[in-house]
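A.B. asks: My structure is stored as my_file-v2.tsv, with TSV, N, CA and C atoms and all ligand atoms.
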```tsv
chain	number	residue	atom	x	y	z
A	252	MET	N	-24.17	11.50	-36.81
A	252	MET	CA	-23.10	10.53	-36.54
A	252	MET	C	-23.64	9.11	-36.70
A	253	ASN	N	-23.02	8.34	-37.60
A	253	ASN	CA	-23.47	6.95	-37.74
A	253	ASN	C	-22.74	6.04	-36.76
A	254	LEU	N	-23.09	4.77	-36.82
A	254	LEU	CA	-22.58	3.82	-35.83
A	254	LEU	C	-21.06	3.68	-35.91
A	255	GLY	N	-20.55	3.68	-37.15
A	255	GLY	CA	-19.10	3.55	-37.33
A	255	GLY	C	-18.34	4.69	-36.70
A	256	GLU	N	-18.81	5.91	-36.95
A	256	GLU	CA	-18.16	7.08	-36.37
A	256	GLU	C	-18.25	7.06	-34.84
A	257	PHE	N	-19.39	6.62	-34.37
A	257	PHE	CA	-19.60	6.57	-32.93
A	257	PHE	C	-18.62	5.59	-32.28
A	258	ALA	N	-18.41	4.44	-32.94
A	258	ALA	CA	-17.49	3.44	-32.43
A	258	ALA	C	-16.06	3.98	-32.39
A	259	ILE	N	-15.69	4.67	-33.45
A	259	ILE	CA	-14.33	5.25	-33.52
A	259	ILE	C	-14.15	6.31	-32.44
A	260	PHE	N	-15.19	7.13	-32.30
A	260	PHE	CA	-15.15	8.20	-31.30
A	260	PHE	C	-15.01	7.62	-29.90
A	261	THR	N	-15.85	6.62	-29.58
A	261	THR	CA	-15.80	6.01	-28.25
A	261	THR	C	-14.46	5.31	-28.03
A	262	GLY	N	-14.03	4.60	-29.09
A	262	GLY	CA	-12.76	3.88	-29.02
A	262	GLY	C	-11.60	4.81	-28.70
A	263	SER	N	-11.52	5.91	-29.42
A	263	SER	CA	-10.39	6.82	-29.18
A	263	SER	C	-10.50	7.50	-27.83
A	264	PHE	N	-11.73	7.71	-27.38
A	264	PHE	CA	-11.93	8.30	-26.07
A	264	PHE	C	-11.41	7.38	-24.97
A	265	VAL	N	-11.74	6.10	-25.10
A	265	VAL	CA	-11.28	5.10	-24.12
A	265	VAL	C	-9.75	5.02	-24.11
A	266	ILE	N	-9.18	5.01	-25.32
A	266	ILE	CA	-7.72	4.94	-25.43
A	266	ILE	C	-7.07	6.17	-24.78
A	267	LEU	N	-7.69	7.32	-25.02
A	267	LEU	CA	-7.18	8.57	-24.44
A	267	LEU	C	-7.19	8.51	-22.91
A	268	ILE	N	-8.28	7.99	-22.37
A	268	ILE	CA	-8.41	7.87	-20.91
A	268	ILE	C	-7.30	6.96	-20.36
A	269	PHE	N	-7.08	5.83	-21.02
A	269	PHE	CA	-6.04	4.90	-20.61
A	269	PHE	C	-4.67	5.54	-20.69
A	270	TRP	N	-4.48	6.24	-21.78
A	270	TRP	CA	-3.20	6.86	-22.08
A	270	TRP	C	-2.85	7.90	-21.02
A	271	LEU	N	-3.79	8.83	-20.77
A	271	LEU	CA	-3.55	9.86	-19.76
A	271	LEU	C	-3.58	9.27	-18.36
A	272	GLY	N	-4.47	8.31	-18.16
A	272	GLY	CA	-4.60	7.66	-16.85
A	272	GLY	C	-3.32	6.98	-16.44
A	273	GLN	N	-2.71	6.28	-17.38
A	273	GLN	CA	-1.45	5.60	-17.09
A	273	GLN	C	-0.39	6.59	-16.66
A	274	SER	N	-0.29	7.67	-17.42
A	274	SER	CA	0.71	8.69	-17.13
A	274	SER	C	0.47	9.32	-15.76
A	275	LEU	N	-0.78	9.64	-15.51
A	275	LEU	CA	-1.14	10.26	-14.24
A	275	LEU	C	-0.87	9.31	-13.08
A	276	TRP	N	-1.25	8.05	-13.26
A	276	TRP	CA	-1.05	7.06	-12.21
A	276	TRP	C	0.43	6.91	-11.88
A	277	ILE	N	1.25	6.83	-12.94
A	277	ILE	CA	2.69	6.68	-12.74
A	277	ILE	C	3.24	7.90	-12.03
A	278	TYR	N	2.78	9.07	-12.44
A	278	TYR	CA	3.27	10.31	-11.82
A	278	TYR	C	2.94	10.34	-10.33
A	279	LEU	N	1.69	10.03	-9.99
A	279	LEU	CA	1.28	10.07	-8.59
A	279	LEU	C	1.99	9.00	-7.78
A	280	ASP	N	2.11	7.81	-8.38
A	280	ASP	CA	2.78	6.70	-7.70
A	280	ASP	C	4.24	7.05	-7.43
A	281	ALA	N	4.88	7.63	-8.43
A	281	ALA	CA	6.30	7.98	-8.31
A	281	ALA	C	6.49	9.08	-7.27
A	282	ARG	N	5.58	10.03	-7.24
A	282	ARG	CA	5.68	11.10	-6.26
A	282	ARG	C	5.48	10.57	-4.85
A	283	ASN	N	4.56	9.65	-4.73
A	283	ASN	CA	4.25	9.00	-3.48
A	283	ASN	C	5.46	8.28	-2.89
A	284	ARG	N	6.31	7.77	-3.81
A	284	ARG	CA	7.48	7.03	-3.38
A	284	ARG	C	8.73	7.89	-3.35
A	285	ASN	N	8.55	9.20	-3.46
A	285	ASN	CA	9.68	10.12	-3.49
A	285	ASN	C	10.66	9.79	-4.60
A	286	GLU	N	10.12	9.30	-5.70
A	286	GLU	CA	10.95	9.01	-6.86
A	286	GLU	C	11.47	10.33	-7.42
A	287	ARG	N	12.78	10.37	-7.72
A	287	ARG	CA	13.38	11.63	-8.16
A	287	ARG	C	12.85	12.06	-9.53
A	288	PHE	N	12.53	11.08	-10.38
A	288	PHE	CA	12.16	11.41	-11.76
A	288	PHE	C	10.68	11.19	-12.03
A	289	ALA	N	9.84	11.57	-11.07
A	289	ALA	CA	8.40	11.34	-11.20
A	289	ALA	C	7.86	11.92	-12.51
A	290	LEU	N	8.23	13.15	-12.80
A	290	LEU	CA	7.74	13.80	-14.00
A	290	LEU	C	8.32	13.13	-15.25
A	291	GLY	N	9.57	12.75	-15.16
A	291	GLY	CA	10.23	12.05	-16.27
A	291	GLY	C	9.53	10.75	-16.60
A	292	TRP	N	9.17	10.01	-15.57
A	292	TRP	CA	8.43	8.76	-15.77
A	292	TRP	C	7.09	9.03	-16.44
A	293	ALA	N	6.42	10.08	-15.99
A	293	ALA	CA	5.10	10.42	-16.53
A	293	ALA	C	5.20	10.78	-18.01
A	294	ILE	N	6.24	11.54	-18.35
A	294	ILE	CA	6.43	11.94	-19.75
A	294	ILE	C	6.76	10.72	-20.60
A	295	LEU	N	7.64	9.87	-20.05
A	295	LEU	CA	8.00	8.63	-20.74
A	295	LEU	C	6.75	7.79	-21.01
A	296	ALA	N	5.85	7.79	-20.03
A	296	ALA	CA	4.63	6.99	-20.14
A	296	ALA	C	3.75	7.47	-21.29
A	297	LEU	N	3.84	8.75	-21.63
A	297	LEU	CA	3.04	9.29	-22.73
A	297	LEU	C	3.49	8.73	-24.08
A	298	PHE	N	4.76	8.35	-24.15
A	298	PHE	CA	5.30	7.91	-25.43
A	298	PHE	C	5.20	6.42	-25.68
A	299	SER	N	5.12	5.66	-24.63
A	299	SER	CA	5.07	4.21	-24.84
A	299	SER	C	4.06	3.56	-23.89
A	300	VAL	N	2.90	3.31	-24.43
A	300	VAL	CA	1.84	2.63	-23.70
A	300	VAL	C	1.76	1.21	-24.25
A	301	PRO	N	1.73	0.15	-23.46
A	301	PRO	CA	1.90	0.16	-22.00
A	301	PRO	C	3.30	-0.24	-21.57
A	302	VAL	N	4.26	-0.17	-22.50
A	302	VAL	CA	5.62	-0.64	-22.19
A	302	VAL	C	6.21	0.09	-21.00
A	303	SER	N	6.03	1.42	-20.98
A	303	SER	CA	6.64	2.20	-19.91
A	303	SER	C	6.06	1.85	-18.54
A	304	LEU	N	4.79	1.46	-18.53
A	304	LEU	CA	4.17	1.07	-17.26
A	304	LEU	C	4.85	-0.20	-16.73
A	305	ILE	N	5.07	-1.15	-17.63
A	305	ILE	CA	5.70	-2.41	-17.24
A	305	ILE	C	7.14	-2.15	-16.76
A	306	VAL	N	7.86	-1.32	-17.53
A	306	VAL	CA	9.23	-0.98	-17.16
A	306	VAL	C	9.24	-0.27	-15.81
A	307	TYR	N	8.32	0.67	-15.67
A	307	TYR	CA	8.24	1.44	-14.43
A	307	TYR	C	8.03	0.53	-13.22
A	308	LEU	N	7.09	-0.40	-13.36
A	308	LEU	CA	6.79	-1.30	-12.25
A	308	LEU	C	7.98	-2.21	-11.94
A	309	MET	N	8.65	-2.67	-13.00
A	309	MET	CA	9.80	-3.55	-12.79
A	309	MET	C	10.93	-2.81	-12.08
A	310	VAL	N	11.16	-1.58	-12.51
A	310	VAL	CA	12.26	-0.80	-11.93
A	310	VAL	C	11.96	-0.43	-10.48
A	311	THR	N	10.78	0.12	-10.24
A	311	THR	CA	10.51	0.62	-8.88
A	311	THR	C	10.22	-0.51	-7.89
A	312	ARG	N	9.50	-1.52	-8.32
A	312	ARG	CA	9.18	-2.60	-7.40
A	312	ARG	C	10.36	-3.53	-7.16
A	313	GLY	N	11.22	-3.63	-8.19
A	313	GLY	CA	12.33	-4.56	-8.10
A	313	GLY	C	13.39	-4.17	-7.10
A	314	ARG	N	13.57	-2.87	-6.91
A	314	ARG	CA	14.68	-2.49	-6.06
A	314	ARG	C	14.23	-1.97	-4.70
A	315	GLU	N	13.02	-2.29	-4.34
A	315	GLU	CA	12.53	-1.78	-3.07
A	315	GLU	C	12.00	-2.87	-2.17
A	316	GLU	N	12.03	-2.59	-0.90
A	316	GLU	CA	11.27	-3.41	0.02
A	316	GLU	C	10.49	-2.48	0.92
A	317	LYS	N	9.52	-3.05	1.60
A	317	LYS	CA	8.63	-2.21	2.38
A	317	LYS	C	8.94	-2.36	3.86
A	318	CYS	N	8.94	-1.23	4.56
A	318	CYS	CA	9.12	-1.27	6.02
A	318	CYS	C	7.90	-1.95	6.62
A	319	LYS	N	8.16	-2.95	7.50
A	319	LYS	CA	7.04	-3.69	8.08
A	319	LYS	C	6.29	-2.84	9.10
A	320	VAL	N	6.93	-1.81	9.61
A	320	VAL	CA	6.32	-1.01	10.66
A	320	VAL	C	5.46	0.11	10.08
A	321	CYS	N	6.04	0.93	9.20
A	321	CYS	CA	5.29	2.11	8.74
A	321	CYS	C	4.88	2.02	7.26
A	322	GLY	N	5.36	0.99	6.54
A	322	GLY	CA	4.92	0.80	5.17
A	322	GLY	C	5.64	1.65	4.13
A	323	THR	N	6.67	2.37	4.54
A	323	THR	CA	7.44	3.17	3.59
A	323	THR	C	8.24	2.26	2.65
A	324	TYR	N	8.29	2.62	1.37
A	324	TYR	CA	9.12	1.87	0.43
A	324	TYR	C	10.57	2.30	0.59
A	325	LEU	N	11.43	1.30	0.70
A	325	LEU	CA	12.84	1.60	0.94
A	325	LEU	C	13.69	0.95	-0.13
A	326	GLU	N	14.81	1.59	-0.40
A	326	GLU	CA	15.76	0.99	-1.33
A	326	GLU	C	16.28	-0.31	-0.73
A	327	ARG	N	16.55	-1.25	-1.58
A	327	ARG	CA	17.11	-2.50	-1.12
A	327	ARG	C	18.48	-2.29	-0.50
A	328	GLY	N	18.78	-3.06	0.52
A	328	GLY	CA	20.11	-3.00	1.10
A	328	GLY	C	20.19	-2.12	2.33
A	329	LEU	N	19.12	-1.37	2.62
A	329	LEU	CA	19.11	-0.56	3.83
A	329	LEU	C	18.82	-1.48	5.01
A	330	THR	N	19.38	-1.14	6.15
A	330	THR	CA	19.14	-1.99	7.32
A	330	THR	C	18.19	-1.34	8.31
A	331	ILE	N	17.98	-0.04	8.18
A	331	ILE	CA	16.93	0.59	8.98
A	331	ILE	C	16.01	1.37	8.06
A	332	CYS	N	14.77	1.57	8.53
A	332	CYS	CA	13.81	2.35	7.77
A	332	CYS	C	14.19	3.82	7.85
A	333	THR	N	14.21	4.48	6.71
A	333	THR	CA	14.61	5.89	6.70
A	333	THR	C	13.48	6.79	7.20
A	334	ASN	N	12.31	6.22	7.38
A	334	ASN	CA	11.18	7.01	7.87
A	334	ASN	C	10.98	6.85	9.38
A	335	CYS	N	10.95	5.60	9.87
A	335	CYS	CA	10.65	5.41	11.29
A	335	CYS	C	11.83	4.90	12.08
A	336	GLY	N	12.93	4.55	11.41
A	336	GLY	CA	14.13	4.16	12.12
A	336	GLY	C	14.19	2.73	12.61
A	337	LYS	N	13.15	1.97	12.32
A	337	LYS	CA	13.13	0.57	12.77
A	337	LYS	C	14.03	-0.30	11.88
A	338	ASP	N	14.53	-1.38	12.44
A	338	ASP	CA	15.35	-2.31	11.66
A	338	ASP	C	14.51	-2.97	10.58
A	339	VAL	N	15.03	-3.02	9.38
A	339	VAL	CA	14.31	-3.71	8.31
A	339	VAL	C	15.06	-4.94	7.79
A	340	GLY	N	16.29	-5.10	8.23
A	340	GLY	CA	17.03	-6.28	7.79
A	340	GLY	C	17.96	-6.73	8.88
A	341	LYS	N	18.63	-7.86	8.65
A	341	LYS	CA	19.62	-8.23	9.63
A	341	LYS	C	21.01	-8.08	9.02
A	342	ILE	N	21.94	-7.76	9.87
A	342	ILE	CA	23.32	-7.61	9.45
A	342	ILE	C	24.11	-8.72	10.10
A	343	CYS	N	24.96	-9.35	9.30
A	343	CYS	CA	25.81	-10.41	9.83
A	343	CYS	C	26.68	-9.86	10.95
A	344	THR	N	26.69	-10.58	12.07
A	344	THR	CA	27.49	-10.12	13.20
A	344	THR	C	28.98	-10.36	12.96
A	345	GLY	N	29.28	-11.19	11.96
A	345	GLY	CA	30.68	-11.48	11.66
A	345	GLY	C	31.29	-10.49	10.68
A	346	CYS	N	30.62	-10.28	9.54
A	346	CYS	CA	31.25	-9.47	8.49
A	346	CYS	C	30.44	-8.26	8.05
A	347	GLY	N	29.25	-8.09	8.59
A	347	GLY	CA	28.45	-6.93	8.23
A	347	GLY	C	27.63	-7.10	6.96
A	348	ASN	N	27.64	-8.28	6.40
A	348	ASN	CA	26.85	-8.60	5.21
A	348	ASN	C	25.36	-8.43	5.52
A	349	ILE	N	24.59	-7.95	4.54
A	349	ILE	CA	23.15	-7.84	4.75
A	349	ILE	C	22.50	-9.18	4.49
A	350	MET	N	21.75	-9.64	5.47
A	350	MET	CA	21.18	-10.99	5.41
A	350	MET	C	19.68	-10.96	5.26
A	351	LYS	N	19.15	-12.03	4.68
A	351	LYS	CA	17.70	-12.18	4.60
A	351	LYS	C	17.17	-12.57	5.97
A	352	GLU	N	15.89	-12.23	6.17
A	352	GLU	CA	15.23	-12.48	7.45
A	352	GLU	C	15.31	-13.96	7.84
A	353	SER	N	15.24	-14.84	6.85
A	353	SER	CA	15.15	-16.27	7.13
A	353	SER	C	16.52	-16.93	7.35
A	354	TRP	N	17.58	-16.21	7.06
A	354	TRP	CA	18.90	-16.82	7.17
A	354	TRP	C	19.36	-16.89	8.63
A	355	ASN	N	19.95	-18.03	8.99
A	355	ASN	CA	20.55	-18.14	10.31
A	355	ASN	C	22.07	-18.07	10.22
A	356	TYR	N	22.58	-18.40	9.03
A	356	TYR	CA	24.02	-18.32	8.84
A	356	TYR	C	24.35	-17.40	7.68
A	357	CYS	N	25.42	-16.66	7.82
A	357	CYS	CA	25.87	-15.78	6.76
A	357	CYS	C	26.53	-16.60	5.66
A	358	PRO	N	26.10	-16.43	4.41
A	358	PRO	CA	26.70	-17.20	3.32
A	358	PRO	C	28.12	-16.75	2.98
A	359	LYS	N	28.49	-15.57	3.42
A	359	LYS	CA	29.83	-15.06	3.10
A	359	LYS	C	30.88	-15.57	4.07
A	360	CYS	N	30.60	-15.42	5.37
A	360	CYS	CA	31.64	-15.75	6.35
A	360	CYS	C	31.24	-16.93	7.24
A	361	LYS	N	30.03	-17.48	7.01
A	361	LYS	CA	29.56	-18.68	7.72
A	361	LYS	C	29.35	-18.47	9.22
A	362	THR	N	29.26	-17.20	9.63
A	362	THR	CA	29.00	-16.94	11.05
A	362	THR	C	27.52	-17.17	11.34
A	363	LYS	N	27.22	-17.76	12.51
A	363	LYS	CA	25.83	-17.92	12.90
A	363	LYS	C	25.30	-16.57	13.38
A	364	TYR	N	24.10	-16.22	12.93
A	364	TYR	CA	23.54	-14.93	13.27
A	364	TYR	C	23.07	-14.89	14.72
A	365	ARG	N	23.45	-13.83	15.41
A	365	ARG	CA	22.99	-13.63	16.79
A	365	ARG	C	22.31	-12.28	16.88
A	366	ASP	N	21.20	-12.25	17.61
A	366	ASP	CA	20.56	-10.96	17.90
A	366	ASP	C	21.39	-10.25	18.96
A	367	ASN	N	21.65	-8.97	18.74
A	367	ASN	CA	22.41	-8.31	19.81
A	367	ASN	C	21.62	-7.21	20.51
A	401	ZN	ZN	9.36	2.38	8.79
A	402	ZN	ZN	29.09	-12.68	7.49
```
Turn the structure described in the file into structure tokens.
Ligand SMILES: [Zn+2]
Ligand SMILES: [Zn+2]
C.D. replies:
Amino acid sequence: MNLGEFAIFTGSFVILIFWLGQSLWIYLDARNRNERFALGWAILALFSVPVSLIVYLMVTRGREEKCKVCGTYLERGLTICTNCGKDVGKICTGCGNIMKESWNYCPKCKTKYRDN
């Protein structure tokens, strides 16, 4: 084996590791988050490196927030953690709108937020 062949061999080996590694990582990550299509994501990842990784991260990270108590990833818009039952958001006392932690007034109905 000459140097050129060795470089090609090593190069393709590294690419293979990245390729399978990405797929495996996505699969494990998706399973960890109880993603319904964990295997689907992993298969998708085999076909488009690294686009699927970027898409995967945007999709899963974009629509989730983390429970401050137990660290479970939750879909956006939930008001309690589905794992530990703790409150993860505030609900407007006037109209039931889901509010950000930092908001004192509801932008929809202008009610001042009160802890109950
Ligand atoms: Zn929790
Ligand atoms: Zn409101």
A.B. asks: Tell me, counting all atoms listed in the file, for each residue of chain A within 5 Å of ligand ZN 401 (chain A), which pair of atoms is nearest and how far apart they are in Å to one decimal, in rows ordered by chain and increasing number, as a tab-separated table.
C.D. replies:
```
residue	atom	partner	partner_atom	distance
A:Cys318	CA	A:ZN401	ZN	4.6
A:Val320	C	A:ZN401	ZN	4.7
A:Cys321	N	A:ZN401	ZN	3.6
A:Gly322	N	A:ZN401	ZN	4.8
A:Cys332	CA	A:ZN401	ZN	4.6
A:Asn334	C	A:ZN401	ZN	4.8
A:Cys335	N	A:ZN401	ZN	3.8
A:Gly336	N	A:ZN401	ZN	4.9
```
A.B. asks: Ligand ZN 402 (chain A): which residues are within 6 Å, counting only N, CA and C atoms and all ligand atoms, as a PyMOL selection string?
C.D. replies: chain A and resi 343-348+357-362
A.B. asks: Would you mind exporting the chosen residues as a compact mmCIF listing (two decimals), in the coordinates of the input, restricted to N, CA and C atoms?
C.D. replies:
```txt
# COMPACT_ATOMS: atom_id res chain seq x y z
N CYS A 343 24.96 -9.35 9.30
CA CYS A 343 25.81 -10.41 9.83
C CYS A 343 26.68 -9.86 10.95
N THR A 344 26.69 -10.58 12.07
CA THR A 344 27.49 -10.12 13.20
C THR A 344 28.98 -10.36 12.96
N GLY A 345 29.28 -11.19 11.96
CA GLY A 345 30.68 -11.48 11.66
C GLY A 345 31.29 -10.49 10.68
N CYS A 346 30.62 -10.28 9.54
CA CYS A 346 31.25 -9.47 8.49
C CYS A 346 30.44 -8.26 8.05
N GLY A 347 29.25 -8.09 8.59
CA GLY A 347 28.45 -6.93 8.23
C GLY A 347 27.63 -7.10 6.96
N ASN A 348 27.64 -8.28 6.40
CA ASN A 348 26.85 -8.60 5.21
C ASN A 348 25.36 -8.43 5.52
N CYS A 357 25.42 -16.66 7.82
CA CYS A 357 25.87 -15.78 6.76
C CYS A 357 26.53 -16.60 5.66
N PRO A 358 26.10 -16.43 4.41
CA PRO A 358 26.70 -17.20 3.32
C PRO A 358 28.12 -16.75 2.98
N LYS A 359 28.49 -15.57 3.42
CA LYS A 359 29.83 -15.06 3.10
C LYS A 359 30.88 -15.57 4.07
N CYS A 360 30.60 -15.42 5.37
CA CYS A 360 31.64 -15.75 6.35
C CYS A 360 31.24 -16.93 7.24
N LYS A 361 30.03 -17.48 7.01
CA LYS A 361 29.56 -18.68 7.72
C LYS A 361 29.35 -18.47 9.22
N THR A 362 29.26 -17.20 9.63
CA THR A 362 29.00 -16.94 11.05
C THR A 362 27.52 -17.17 11.34
```
A.B. asks: So which one's closest to Arg282 of chain A, A:Phe257, A:Phe264, A:Trp270, A:Tyr324? Using only C-alpha atoms, please.
C.D. replies: A:Tyr324
A.B. asks: For atom CA of Ser274 of chain A and atom C of Phe288 of chain A, quote the distance in Å rounded to one decimal.
C.D. replies: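 Computing it gives 11.5 Å between the two atoms.
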A.B. asks: Using only C-alpha atoms, which residue out of A:Leu304, A:Lys351, A:Ala289, A:Leu297 lies closest to Ile268 of chain A?
C.D. replies: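 Smallest distance to Ile268 of chain A is found for A:Leu297.
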A.B. asks: Return as a ChimeraX atom specification the full set of residues in chain A whose backbone-based DSSP assignment is strand (DSSP E).
C.D. replies: /A:315-317,324-326,341-342,349-350
A.B. asks: With only N, CA and C atoms as the atoms that count, which of A:Tyr364, A:Phe260, A:Tyr356, A:Tyr278 lies nearest to Ala293 of chain A?
C.D. replies: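 So, comparing all the options, the nearest one is A:Tyr278.
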A.B. asks: Quick one, how far is atom CA of Ala296 of chain A from atom CA of Ile277 of chain A?
C.D. replies: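 Calculated distance between atom CA of Ala296 of chain A and atom CA of Ile277 of chain A is 7.7 Å.
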A.B. asks: Rounded to one decimal in Å, what is the spacing between atom C of Lys341 of chain A and atom N of Lys363 of chain A?
C.D. replies: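 These two atoms are separated by 12.0 Å.
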A.B. asks: Which of these, A:Met309, A:Trp354, A:Trp292, A:Lys319, has the shortest distance to Gln273 of chain A once you count all atoms listed in the file?
C.D. replies: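 Looking only at the distances to Gln273 of chain A, the closest residue turns out to be A:Trp292.
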A.B. asks: What are the DSSP helix (DSSP H, G or I) residues of chain A, as a PyMOL selection string?
C.D. replies: chain A and resi 254-283+289-298+302-313
